[in-house]
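Novice: Pasting a structure here, questions to come.
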Amino acid sequence: MKFSIGGPLKLAFRPWVEGLENIPADGPAILASNHLSFSDSFFLPAVLDRKVTFIAKAEYFTTPGVKGRMTAAFFKGVGQLPVDRSGARGAGEAAVRSGIDVLERGELFGIYPEGTRSPDGRLYRGKPGGLARVALASGAPVVPVAMIDTEKIQPPGKVMPKLMRPGIRIGRPLDFSRYHGMEHDRFVLRAVTDEVMYEIMKLSGQEYVDIYATAAKRQIADAAKAQKQALKEAQKEADQARKDAERARTDALKEADRAREQAGQEQTGQEQAVKAQDTKEESSS
């Protein structure tokens, strides 16, 4: 995959990289990165000599049919590791176990502490359940990574990617051995995660938002839904106003027709009265 995808990717987009010397030449390490785009999992491994293993939902590897087999082969090729989310404790526990397994083999484990892609390019609060637990249980160093401008290559809704140079900035490894054996202390997990997120923020230059990205996505979705509903209500009111105006115009036209008809009848009556009076006068004379 490094030759079939990584090579053309580097040739086409020419990503710039800072801090490659901070990636250990061998041995286990955790690459903790911000997450701006689907392409993050391609650009980062493409610029490294070593293999990086990320986690992905198991459905990518178990879908039946030709397309399913091709999808499974692709994700295996780019270093994705299937995680079964059907267990009692869900994806979190599976991700921790998978990460520890990768690190015990002396490999690089890639993880996105935000848990999902940023909805607006800002850096969101890291989730402590995965990154910090893997780091403390394995004792592996955590290398903060900042992806730069990858969200501009293929924004949501765009089919064709934009040819531009994304960046990758790699920070110095962080050692959390002082917290060894404390991977079940939620305050320690929070402290470790926040320290990593602070380093990523310094590397990326992103604005930090102290809420989870999943919550931000819900807020954005709710706001979009509310806006759509408001537009729908406004359109409904506008349509009703147009109907009322049309009805009033129709009623006014009908009333005008009735008034003209009545005026015509009154004029005809007057003319008949005058004619009758003239006839009477002529008879008298």
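Note on naming: chains are A, B, ... as they come in the structure tokens, residues start from 1 per chain, ligands start from 1 in the order shown.
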Taking the chain letters and numbering used in this document, name the residues of region 95-190 of chain A that DSSP puts in strand (DSSP E), as a list of chain:residue names.

Specialist: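 These are the residues in question: A:Leu108, A:Phe109, A:Gly110, A:Ile111, A:Leu123, A:Tyr124, A:Val142, A:Val143, A:Pro144, A:Val145, A:Ala146, A:Met147, A:Ile148, A:Gly167, A:Ile168, A:Arg169, A:Ile170.
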
Novice: Can you work out the spacing between CA of Val196 (chain A) and CA of Ala29 (chain A) in Å, to one decimal?

Specialist: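 Interatomic distance, CA of Val196 (chain A) to CA of Ala29 (chain A): 13.7 Å.
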
Novice: Using only C-alpha atoms, find the one residue out of A:Pro64, A:Pro161, A:Pro28, A:Pro173 that sits nearest to Phe13 (chain A).

Specialist: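 Selected residue with least distance to Phe13 (chain A): A:Pro161.
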
Novice: Using only C-alpha atoms, which residues of region 161-190 of chain A come within 12 Å of region 37-49 of chain A, and what is the closest atom pair for each, with the distance in Å to one decimal? Give it as a Markdown table, sorted by chain and residue number.

Specialist:
```
| residue | atom | partner | partner_atom | distance |
| --- | --- | --- | --- | --- |
| A:Pro161 | CA | A:Ser39 | CA | 10.3 |
| A:Arg165 | CA | A:Phe43 | CA | 10.8 |
| A:Pro166 | CA | A:Phe43 | CA | 8.6 |
| A:Gly167 | CA | A:Phe43 | CA | 9.0 |
| A:Ile168 | CA | A:Leu44 | CA | 7.3 |
| A:Arg169 | CA | A:Leu44 | CA | 9.9 |
| A:Ile170 | CA | A:Leu44 | CA | 10.0 |
```

Novice: Please produce a file of the residues just selected, as a short mmCIF file (atom, residue, chain, number, x, y, z; two decimals), in the first residue's frame, where the atoms kept are N, CA and C atoms.

Specialist:
```cif
data_model
loop_
_atom_site.label_atom_id
_atom_site.label_comp_id
_atom_site.auth_asym_id
_atom_site.auth_seq_id
_atom_site.Cartn_x
_atom_site.Cartn_y
_atom_site.Cartn_z
N PRO A 161 -11.00 15.72 -5.10
CA PRO A 161 -10.09 16.39 -4.15
C PRO A 161 -9.37 17.57 -4.80
N ARG A 165 -0.98 21.28 -0.89
CA ARG A 165 0.01 20.66 -0.01
C ARG A 165 -0.49 20.66 1.44
N PRO A 166 -0.86 19.49 1.97
CA PRO A 166 -1.16 19.42 3.41
C PRO A 166 0.13 19.32 4.20
N GLY A 167 0.03 19.49 5.48
CA GLY A 167 1.22 19.42 6.31
C GLY A 167 1.06 18.43 7.45
N ILE A 168 2.19 17.94 7.94
CA ILE A 168 2.21 17.05 9.10
C ILE A 168 3.32 17.53 10.02
N ARG A 169 2.93 17.87 11.25
CA ARG A 169 3.90 18.36 12.23
C ARG A 169 3.94 17.38 13.40
N ILE A 170 5.11 16.82 13.66
CA ILE A 170 5.27 15.77 14.66
C ILE A 170 6.05 16.31 15.86
#
```

Novice: Measuring atom to atom with only C-alpha atoms, identify which of A:Pro119, A:Val102, A:Arg69, A:Gly77 is nearest to Tyr212 (chain A).

Specialist: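 Checking each of A:Pro119, A:Val102, A:Arg69, A:Gly77 against Tyr212 (chain A), counting only C-alpha atoms, the winner is A:Pro119.
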
Novice: Determine, counting only C-alpha atoms, which protein, DNA and RNA residues have an atom within 12 Å of an atom of Val143 (chain A); residues of the same chain fewer than 3 positions away are not included. Present the result as an MDAnalysis selection string.

Specialist: chainID A and resid 19:24 28:34 108:112 131 135 140 146 169:176 195:197 199:200 203

Novice: Limited to C-alpha atoms, could you put the picked residues into a file as a short mmCIF file (atom, residue, chain, number, x, y, z; two decimals), in the first residue's frame?

Specialist:
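Everything below was put into out-v3.cif:
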```cif
data_model
loop_
_atom_site.label_atom_id
_atom_site.label_comp_id
_atom_site.auth_asym_id
_atom_site.auth_seq_id
_atom_site.Cartn_x
_atom_site.Cartn_y
_atom_site.Cartn_z
CA GLY A 19 9.64 16.50 13.16
CA LEU A 20 10.15 13.12 11.49
CA GLU A 21 13.10 12.58 13.83
CA ASN A 22 10.60 12.36 16.71
CA ILE A 23 9.24 9.03 15.40
CA PRO A 24 11.20 6.19 17.09
CA PRO A 28 6.40 0.72 20.29
CA ALA A 29 4.95 4.21 20.20
CA ILE A 30 1.51 5.81 20.08
CA LEU A 31 0.85 8.43 17.41
CA ALA A 32 -1.91 10.69 18.77
CA SER A 33 -3.22 12.99 16.07
CA ASN A 34 -5.90 15.57 15.50
CA LEU A 108 3.30 2.02 15.95
CA PHE A 109 -0.33 2.50 17.00
CA GLY A 110 -2.26 5.45 15.57
CA ILE A 111 -5.22 6.96 17.41
CA TYR A 112 -7.40 10.06 17.18
CA LEU A 131 -5.49 7.04 24.38
CA ALA A 135 -0.52 4.68 27.03
CA ALA A 140 4.71 3.31 25.29
CA ALA A 146 -0.81 17.65 13.95
CA ARG A 169 3.90 18.36 12.23
CA ILE A 170 5.27 15.77 14.66
CA GLY A 171 6.10 16.68 18.24
CA ARG A 172 8.49 15.21 20.77
CA PRO A 173 7.47 11.96 22.48
CA LEU A 174 5.67 12.33 25.81
CA ASP A 175 6.57 10.00 28.67
CA PHE A 176 3.78 9.07 31.11
CA GLU A 195 -1.57 17.09 28.21
CA VAL A 196 -1.53 15.33 24.83
CA MET A 197 -4.28 17.58 23.46
CA GLU A 199 0.71 19.51 22.66
CA ILE A 200 -1.42 18.81 19.57
CA LEU A 203 1.59 21.91 16.94
#
```

Novice: May I ask for the distance between CA of Val17 (chain A) and CA of Thr150 (chain A), given in Å to one decimal place?

Specialist: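 Pair CA of Val17 (chain A) / CA of Thr150 (chain A) returns 12.9 Å.
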
Novice: Residues within 12 Å of region 93-100 of chain A, please, as a VMD selection string. Count only C-alpha atoms; anything in the same chain fewer than 3 positions from it doesn't count.

Specialist: chain A and resid 28 to 32 52 to 58 80 to 90 103 to 113 115 128 to 140 183

Novice: Please provide the set of residues having any atom within 7 Å of Asp210 (chain A), restricted to only C-alpha atoms, with same-chain residues fewer than 2 positions apart removed, written as a PyMOL selection string.

Specialist: chain A and resi 124-125+208+212

Novice: Keeping only N, CA, C and O atoms, take the residues you just selected and write them out as a PDB file, in the first residue's frame.

Specialist:
```pdb
ATOM      1  N   TYR A 124     -11.014  19.605  19.377  1.00  0.00           N
ATOM      2  CA  TYR A 124     -11.971  19.340  20.444  1.00  0.00           C
ATOM      3  C   TYR A 124     -11.369  18.502  21.560  1.00  0.00           C
ATOM      4  O   TYR A 124     -10.302  17.918  21.410  1.00  0.00           O
ATOM      5  N   ARG A 125     -12.070  18.455  22.655  1.00  0.00           N
ATOM      6  CA  ARG A 125     -11.619  17.753  23.848  1.00  0.00           C
ATOM      7  C   ARG A 125     -11.336  16.282  23.549  1.00  0.00           C
ATOM      8  O   ARG A 125     -12.114  15.615  22.871  1.00  0.00           O
ATOM      9  N   TYR A 208      -8.924  25.686  20.374  1.00  0.00           N
ATOM     10  CA  TYR A 208      -9.346  24.555  21.203  1.00  0.00           C
ATOM     11  C   TYR A 208     -10.755  24.797  21.737  1.00  0.00           C
ATOM     12  O   TYR A 208     -11.086  25.897  22.193  1.00  0.00           O
ATOM     13  N   TYR A 212     -16.637  17.677  23.637  1.00  0.00           N
ATOM     14  CA  TYR A 212     -16.322  16.577  22.736  1.00  0.00           C
ATOM     15  C   TYR A 212     -16.838  16.878  21.333  1.00  0.00           C
ATOM     16  O   TYR A 212     -17.889  17.510  21.161  1.00  0.00           O
TER      17      TYR A 212
END
```

Novice: Would you please work out which residue, of A:Gly269, A:Gly6, A:Pro141, A:Pro155, is nearest to Ser118 (chain A) when using only C-alpha atoms?

Specialist: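 The closest residue to Ser118 (chain A) is A:Pro155.
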
Novice: Enumerate, as a ChimeraX atom specification, the complete set of residues in region 30-114 of chain A that a backbone-based DSSP assignment places in helix (DSSP H, G or I).

Specialist: /A:40-46,59-62,65-77,90-104
